[in-house]
>>> print(open('my_file_33.cif').read())   # mmCIF, C-alpha atoms
data_work
#
loop_
_atom_site.label_atom_id
_atom_site.label_comp_id
_atom_site.auth_asym_id
_atom_site.auth_seq_id
_atom_site.Cartn_x
_atom_site.Cartn_y
_atom_site.Cartn_z
CA MET A 1 135.11 91.50 79.66
CA GLU A 2 133.67 90.05 82.85
CA GLN A 3 134.22 93.33 84.64
CA LEU A 4 132.68 95.27 81.77
CA LEU A 5 129.59 93.04 81.85
CA ALA A 6 129.27 93.44 85.62
CA PHE A 7 129.66 97.21 85.26
CA ILE A 8 126.99 97.40 82.56
CA GLY A 9 124.71 95.10 84.57
CA HIS A 10 124.59 97.58 87.43
CA TYR A 11 123.55 100.43 85.16
CA MET A 12 121.07 98.23 83.32
CA PHE A 13 119.48 97.43 86.67
CA LEU A 14 119.25 101.11 87.57
CA LEU A 15 117.82 101.95 84.13
CA PHE A 16 115.12 99.28 84.26
CA GLY A 17 114.34 100.03 87.89
CA LEU A 18 113.85 103.73 87.22
CA LEU A 19 111.69 102.89 84.19
CA ALA A 20 109.60 100.67 86.45
CA VAL A 21 109.21 103.54 88.91
CA GLY A 22 108.17 105.75 85.99
CA GLY A 23 105.52 103.24 84.99
CA ALA A 24 104.31 103.15 88.59
CA VAL A 25 104.04 106.95 88.69
CA ALA A 26 102.08 106.87 85.43
CA LEU A 27 99.81 104.26 87.04
CA VAL A 28 99.03 106.44 90.02
CA PHE A 29 98.60 109.78 88.27
CA SER A 30 96.83 109.02 84.99
CA LYS A 31 93.18 109.99 84.62
CA ASN A 32 92.10 107.17 82.36
CA ALA A 33 91.98 103.68 83.92
CA VAL A 34 93.22 102.06 80.70
CA HIS A 35 96.29 104.30 80.78
CA SER A 36 96.84 103.19 84.36
CA VAL A 37 96.76 99.56 83.27
CA VAL A 38 99.31 100.31 80.54
CA GLY A 39 101.55 101.98 83.12
CA PHE A 40 101.18 98.90 85.35
CA LEU A 41 102.15 96.65 82.44
CA PHE A 42 105.21 98.80 81.74
CA ALA A 43 106.27 98.67 85.39
CA MET A 44 105.87 94.87 85.50
CA LEU A 45 107.89 94.36 82.30
CA ASN A 46 110.69 96.47 83.71
CA VAL A 47 110.64 94.58 87.01
CA ALA A 48 111.06 91.38 84.96
CA ALA A 49 114.11 92.95 83.30
CA CYS A 50 115.44 93.79 86.78
CA TYR A 51 115.10 90.11 87.73
CA LEU A 52 117.21 89.26 84.69
CA THR A 53 120.01 91.53 85.86
CA LEU A 54 119.77 89.91 89.31
CA ASP A 55 120.43 86.39 87.92
CA ALA A 56 116.85 85.20 88.40
CA GLU A 57 116.02 84.09 84.87
CA PHE A 58 113.20 81.73 85.74
CA LEU A 59 111.54 84.35 87.89
CA ALA A 60 111.77 86.91 85.07
CA VAL A 61 109.94 84.57 82.69
CA ALA A 62 107.38 83.75 85.37
CA GLN A 63 106.86 87.46 85.96
CA LEU A 64 106.22 88.01 82.25
CA LEU A 65 103.77 85.10 82.09
CA VAL A 66 101.87 85.86 85.29
CA TYR A 67 101.70 89.65 85.11
CA ALA A 68 101.85 90.59 81.44
CA GLY A 69 99.96 87.51 80.36
CA GLY A 70 97.44 87.07 83.14
CA ILE A 71 96.92 89.85 85.61
CA VAL A 72 97.03 92.78 83.16
CA VAL A 73 94.46 91.08 80.92
CA LEU A 74 92.27 90.45 83.97
CA PHE A 75 92.50 94.14 84.91
CA LEU A 76 91.65 95.19 81.37
CA PHE A 77 88.58 92.95 81.40
CA VAL A 78 87.33 94.53 84.62
CA VAL A 79 88.03 98.05 83.31
CA MET A 80 85.86 97.10 80.36
CA LEU A 81 83.11 95.62 82.57
CA VAL A 82 83.00 98.56 84.95
CA GLU A 83 81.82 101.68 83.24
CA MET A 84 84.17 104.53 84.16
CA THR A 85 82.82 107.36 82.07
CA LYS A 86 80.37 108.73 84.61
CA TYR A 87 83.02 109.27 87.28
CA LYS A 88 85.28 111.51 85.23
CA GLU A 89 84.01 114.72 86.78
CA LYS A 90 84.04 113.59 90.40
CA GLY A 91 87.75 114.01 90.97
CA LEU A 92 90.65 111.62 90.91
CA PHE A 93 91.99 111.85 94.43
CA GLN A 94 90.61 111.28 97.90
CA LEU A 95 89.81 114.03 100.37
CA GLN A 96 92.71 112.99 102.57
CA THR A 97 95.24 113.40 99.75
CA PRO A 98 97.28 116.23 101.35
CA TRP A 99 97.55 114.28 104.62
CA ALA A 100 98.40 111.07 102.81
CA VAL A 101 101.08 112.71 100.66
CA GLY A 102 102.53 114.35 103.76
CA MET A 103 102.75 111.03 105.59
CA VAL A 104 104.35 109.29 102.60
CA VAL A 105 106.88 112.11 102.25
CA VAL A 106 107.77 111.89 105.95
CA GLY A 107 108.23 108.09 105.73
CA ALA A 108 110.21 108.40 102.52
CA ALA A 109 112.44 111.05 104.08
CA ALA A 110 113.21 108.72 106.99
CA PHE A 111 114.22 105.94 104.59
CA LEU A 112 116.20 108.36 102.44
CA GLY A 113 118.09 109.38 105.57
CA VAL A 114 119.08 105.74 106.07
CA PHE A 115 120.18 105.47 102.44
CA TRP A 116 122.13 108.71 102.74
CA LYS A 117 123.96 107.37 105.78
CA THR A 118 124.86 104.09 104.09
CA TRP A 119 126.13 105.89 101.01
CA PHE A 120 127.76 109.08 102.21
CA GLY A 121 127.78 109.01 106.01
CA PRO A 122 130.95 108.79 108.08
CA ASN A 123 130.39 105.05 108.56
CA ALA A 124 129.53 104.36 104.91
CA LYS A 125 129.82 100.66 104.26
CA VAL A 126 131.30 99.01 101.21
CA ALA A 127 128.42 98.28 98.87
CA LEU A 128 126.94 94.86 99.49
CA THR A 129 126.93 92.61 96.45
CA LEU A 130 127.34 88.92 95.86
CA ASN A 131 129.26 87.15 98.59
CA GLU A 132 132.67 86.30 97.16
CA GLY A 133 132.85 82.98 98.96
CA ILE A 134 129.71 81.50 97.47
CA VAL A 135 130.03 82.51 93.84
CA GLY A 136 130.25 78.90 92.74
CA THR A 137 127.08 77.82 94.54
CA LEU A 138 124.82 80.39 92.91
CA LYS A 139 122.87 78.79 90.11
CA VAL A 140 122.46 81.02 87.07
CA GLY A 141 121.68 80.56 83.42
CA SER A 142 120.24 77.21 82.41
CA GLU A 143 120.64 75.83 85.92
CA ASN A 144 118.48 78.51 87.49
CA ALA A 145 115.18 76.76 86.75
CA GLN A 146 116.55 73.49 88.13
CA ALA A 147 117.74 75.17 91.29
CA VAL A 148 114.45 77.01 91.83
CA SER A 149 112.42 73.86 91.27
CA ARG A 150 114.61 71.98 93.72
CA GLY A 151 113.98 74.73 96.23
CA LEU A 152 110.23 74.68 95.60
CA PHE A 153 109.64 70.95 95.49
CA ALA A 154 112.19 69.72 98.00
CA ASP A 155 113.06 72.35 100.57
CA TYR A 156 109.86 74.40 100.60
CA LEU A 157 107.25 71.85 99.65
CA LEU A 158 104.85 72.75 102.46
CA PRO A 159 104.49 76.46 101.54
CA PHE A 160 104.03 75.38 97.93
CA GLU A 161 101.18 73.02 98.82
CA ILE A 162 99.59 75.65 101.06
CA LEU A 163 99.74 78.08 98.13
CA SER A 164 97.93 75.56 95.95
CA VAL A 165 95.12 75.35 98.51
CA ILE A 166 95.01 79.17 98.68
CA LEU A 167 94.71 79.35 94.90
CA LEU A 168 91.86 76.84 94.95
CA VAL A 169 90.03 78.85 97.63
CA ALA A 170 90.60 82.06 95.66
CA LEU A 171 89.22 80.42 92.53
CA VAL A 172 86.03 79.27 94.25
CA GLY A 173 85.71 82.57 96.11
CA ALA A 174 86.07 84.63 92.93
CA VAL A 175 83.35 82.59 91.24
CA VAL A 176 81.02 82.94 94.24
CA LEU A 177 81.63 86.70 94.55
CA ALA A 178 81.22 87.49 90.86
CA LYS A 179 78.18 85.28 90.34
CA THR A 180 74.85 87.03 89.81
CA GLU A 181 72.19 86.44 92.46
CA ARG A 182 69.47 85.27 90.10
CA VAL A 183 71.21 82.16 88.82
CA MET B 184 127.57 93.47 89.99
CA VAL B 185 124.39 95.16 91.08
CA SER B 186 124.99 96.62 94.51
CA MET B 187 122.48 95.90 97.23
CA ASN B 188 121.93 99.58 97.88
CA SER B 189 120.59 100.29 94.43
CA VAL B 190 118.21 97.32 94.60
CA LEU B 191 116.93 98.48 97.97
CA PHE B 192 116.58 102.02 96.68
CA ILE B 193 114.58 101.06 93.58
CA SER B 194 112.41 98.75 95.64
CA PHE B 195 111.86 101.53 98.18
CA LEU B 196 110.78 103.92 95.41
CA LEU B 197 108.34 101.35 93.98
CA PHE B 198 106.92 100.68 97.43
CA SER B 199 106.43 104.39 98.23
CA VAL B 200 104.65 104.97 94.92
CA GLY B 201 102.42 101.99 95.72
CA VAL B 202 101.61 103.29 99.20
CA ALA B 203 100.86 106.75 97.84
CA GLY B 204 98.56 105.28 95.20
CA VAL B 205 96.64 103.21 97.76
CA LEU B 206 96.21 106.25 99.98
CA ILE B 207 95.22 108.89 97.43
CA ARG B 208 93.28 107.25 94.61
CA ARG B 209 89.49 106.82 94.67
CA ASN B 210 89.28 104.09 92.09
CA ALA B 211 89.29 100.58 93.58
CA LEU B 212 90.99 99.14 90.47
CA ILE B 213 93.93 101.51 90.77
CA ILE B 214 94.21 100.65 94.47
CA LEU B 215 94.46 96.94 93.60
CA MET B 216 97.19 97.67 91.06
CA CYS B 217 99.11 99.67 93.65
CA VAL B 218 98.96 96.71 96.06
CA GLU B 219 100.51 94.63 93.27
CA LEU B 220 103.26 97.23 92.95
CA MET B 221 104.07 96.91 96.65
CA LEU B 222 104.21 93.11 96.36
CA ASN B 223 106.63 93.49 93.45
CA ALA B 224 108.86 95.78 95.45
CA ALA B 225 109.03 93.12 98.17
CA ASN B 226 109.78 90.49 95.52
CA LEU B 227 112.67 92.55 94.21
CA ASN B 228 114.15 92.61 97.71
CA LEU B 229 113.69 88.84 98.08
CA VAL B 230 115.53 88.19 94.82
CA ALA B 231 118.34 90.58 95.69
CA PHE B 232 118.93 89.01 99.10
CA ALA B 233 118.75 85.52 97.59
CA ARG B 234 121.49 86.59 95.22
CA HIS B 235 123.54 87.97 98.06
CA ALA B 236 123.18 84.79 100.11
CA GLY B 237 123.80 82.55 97.11
CA THR B 238 120.75 80.38 97.72
CA VAL B 239 117.56 80.03 95.71
CA ALA B 240 115.30 80.24 98.76
CA GLY B 241 114.49 83.88 98.07
CA GLN B 242 113.66 83.16 94.45
CA ALA B 243 111.40 80.27 95.45
CA PHE B 244 109.57 82.51 97.90
CA ALA B 245 109.30 85.25 95.27
CA LEU B 246 107.50 82.69 93.10
CA LEU B 247 105.17 81.88 95.99
CA VAL B 248 104.48 85.60 96.48
CA MET B 249 103.68 85.86 92.78
CA GLY B 250 101.10 83.08 93.10
CA LEU B 251 99.62 84.76 96.16
CA ALA B 252 99.40 88.04 94.21
CA ALA B 253 97.50 86.26 91.45
CA ALA B 254 95.01 84.85 94.00
CA GLU B 255 94.64 88.29 95.58
CA VAL B 256 93.93 89.90 92.21
CA ALA B 257 91.29 87.29 91.37
CA ILE B 258 89.46 87.90 94.66
CA GLY B 259 89.89 91.67 94.47
CA LEU B 260 88.55 91.96 90.95
CA ALA B 261 85.60 89.73 91.82
CA LEU B 262 84.90 92.08 94.74
CA VAL B 263 85.13 95.10 92.43
CA VAL B 264 82.66 93.57 89.99
CA ALA B 265 80.28 92.61 92.83
CA LEU B 266 80.52 96.15 94.25
CA TYR B 267 79.78 97.64 90.87
CA ARG B 268 76.69 95.45 90.55
CA LYS B 269 75.45 96.43 94.00
CA LYS B 270 76.35 100.11 94.26
CA ASP B 271 76.91 101.14 90.61
CA SER B 272 80.25 102.61 91.63
CA ILE B 273 83.79 101.53 92.38
CA GLN B 274 84.81 104.81 93.98
CA VAL B 275 85.94 103.75 97.42
CA ASP B 276 84.76 106.94 99.13
CA GLN B 277 81.20 106.26 97.98
CA ILE B 278 81.19 102.81 99.56
CA ASN B 279 80.48 103.82 103.15
CA LEU B 280 77.81 101.34 104.24
CA LEU B 281 79.67 100.63 107.49
CA LYS B 282 80.01 104.30 108.40
CA GLY B 283 78.19 105.00 111.69
#
>>> encode(input="my_file_33.cif", output="structure tokens")
Amino acid sequence: MEQLLAFIGHYMFLLFGLLAVGGAVALVFSKNAVHSVVGFLFAMLNVAACYLTLDAEFLAVAQLLVYAGGIVVLFLFVVMLVEMTKYKEKGLFQLQTPWAVGMVVVGAAAFLGVFWKTWFGPNAKVALTLNEGIVGTLKVGSENAQAVSRGLFADYLLPFEILSVILLVALVGAVVLAKTERV
Amino acid sequence: MVSMNSVLFISFLLFSVGVAGVLIRRNALIILMCVELMLNAANLNLVAFARHAGTVAGQAFALLVMGLAAAEVAIGLALVVALYRKKDSIQVDQINLLKG
């Protein structure tokens, strides 16, 4: 049973990951900005599912709350505020698109070469998964939130506090930037 | 068990799509969303390596990255709205005030 679950988990991860990539492709290549936002939402939901298969339950819920609940709604509001209709005819892509696609393909080919070597090359390594020696120390399930909060509030308190200051600055900055001049 | 290679591969695909979107799209909103995609690809890697190492440090930092992404989106969208007010356009190739 355990082995079956682990086996299924791998394929679930691949399924959700490829769905997330599909949502990302829909984001980049759709003409309508609202369709792009829907593709973004789909990608984020699938990344949350990937977190679930990677034993990060708290992070999956946080991803759902922050992205699906907050950021996507924010994007939709701005799509509504910014009138898109008059740019339909001016073309979707930049002038440098062929160059940009060429560069991305070259970079991707380099990375794919590395992946190819690690999978099929003469020195192909055994696939890296969970360290066998530390299985007991990994907190999953109901203990995951406790473990993450202990990490955030005890071990990494300083980055957490710095992030709170950054959020405050971003809040004030967003208000200042979006404010009309007349007021 | 999810193998590390498949996590890295999916995260690599997400990141490349994000880079391609930032480079080829004209719409500033889409560019912002693609930056979010790249941050998510990095987050996926953080979570996978945290799982491999058996500590929650990676998950804690993924949470911090998520908060940073939220701050970045707030600022970016405020910039987009301000640009639209000033130039009546959010097409990045039309915003060339600094061009010599």
>>> residues_around(input="my_file_33.cif", residues="B:Ala240", least_positions_apart="6", cutoff="12 Å", atoms="only C-alpha atoms", output="list in words")
Ala56, Leu138, Lys139, Asn144, Ala147, Val148, Ser149, Arg150, Gly151, Leu152, Phe153, Ala154, Asp155, Tyr156, Leu157 and Pro159 of chain A; Leu229, Val230, Ala231, Phe232, Ala233, Arg234, Leu246 and Leu247 of chain B
>>> interface_residues(input="my_file_33.cif", of="chain B", to="chain A", cutoff="8 Å", atoms="only C-alpha atoms", output="NGL selection string")
:B and (184-189 or 192-193 or 196-197 or 199-204 or 206-210 or 212-213 or 216-217 or 220 or 223 or 227 or 230-231 or 234-240 or 242-243 or 245-247 or 249-251 or 253-258 or 260-262 or 264-265 or 267 or 276)
>>> atom_distance(input="my_file_33.cif", atom1="atom CA of B:Ser194", atom2="atom CA of B:Ala224")
4.6 Å
>>> atom_distance(input="my_file_33.cif", atom1="atom CA of A:Ala68", atom2="atom CA of A:Phe42")
8.9 Å
>>> build_atoms(input="my_file_33.cif", residues="stretch 210-228 of chain B", atoms="N, CA and C atoms", output="short mmCIF file (atom, residue, chain, number, x, y, z; two decimals), in the coordinates of the input")
data_model
loop_
_atom_site.label_atom_id
_atom_site.label_comp_id
_atom_site.auth_asym_id
_atom_site.auth_seq_id
_atom_site.Cartn_x
_atom_site.Cartn_y
_atom_site.Cartn_z
N ASN B 210 89.72 105.20 92.91
CA ASN B 210 89.28 104.09 92.09
C ASN B 210 89.79 102.77 92.66
N ALA B 211 88.89 101.83 92.94
CA ALA B 211 89.29 100.58 93.58
C ALA B 211 90.24 99.77 92.70
N LEU B 212 90.08 99.87 91.36
CA LEU B 212 90.99 99.14 90.47
C LEU B 212 92.42 99.62 90.61
N ILE B 213 92.58 100.95 90.66
CA ILE B 213 93.93 101.51 90.77
C ILE B 213 94.54 101.09 92.11
N ILE B 214 93.70 101.04 93.15
CA ILE B 214 94.21 100.65 94.47
C ILE B 214 94.74 99.22 94.42
N LEU B 215 93.99 98.33 93.74
CA LEU B 215 94.46 96.94 93.60
C LEU B 215 95.80 96.88 92.88
N MET B 216 95.93 97.69 91.80
CA MET B 216 97.19 97.67 91.06
C MET B 216 98.33 98.18 91.93
N CYS B 217 98.05 99.15 92.79
CA CYS B 217 99.11 99.67 93.65
C CYS B 217 99.54 98.63 94.68
N VAL B 218 98.59 97.80 95.15
CA VAL B 218 98.96 96.71 96.06
C VAL B 218 99.91 95.75 95.33
N GLU B 219 99.61 95.48 94.06
CA GLU B 219 100.51 94.63 93.27
C GLU B 219 101.91 95.23 93.18
N LEU B 220 101.96 96.56 93.01
CA LEU B 220 103.26 97.23 92.95
C LEU B 220 104.05 97.00 94.23
N MET B 221 103.36 97.10 95.37
CA MET B 221 104.07 96.91 96.65
C MET B 221 104.58 95.48 96.76
N LEU B 222 103.76 94.50 96.32
CA LEU B 222 104.21 93.11 96.36
C LEU B 222 105.44 92.92 95.48
N ASN B 223 105.47 93.61 94.33
CA ASN B 223 106.63 93.49 93.45
C ASN B 223 107.88 94.09 94.05
N ALA B 224 107.71 95.19 94.79
CA ALA B 224 108.86 95.78 95.45
C ALA B 224 109.44 94.79 96.46
N ALA B 225 108.56 94.11 97.21
CA ALA B 225 109.03 93.12 98.17
C ALA B 225 109.72 91.97 97.45
N ASN B 226 109.18 91.56 96.29
CA ASN B 226 109.78 90.49 95.52
C ASN B 226 111.19 90.83 95.07
N LEU B 227 111.35 92.09 94.66
CA LEU B 227 112.67 92.55 94.21
C LEU B 227 113.68 92.41 95.35
N ASN B 228 113.27 92.76 96.56
CA ASN B 228 114.15 92.61 97.71
C ASN B 228 114.48 91.14 97.95
#
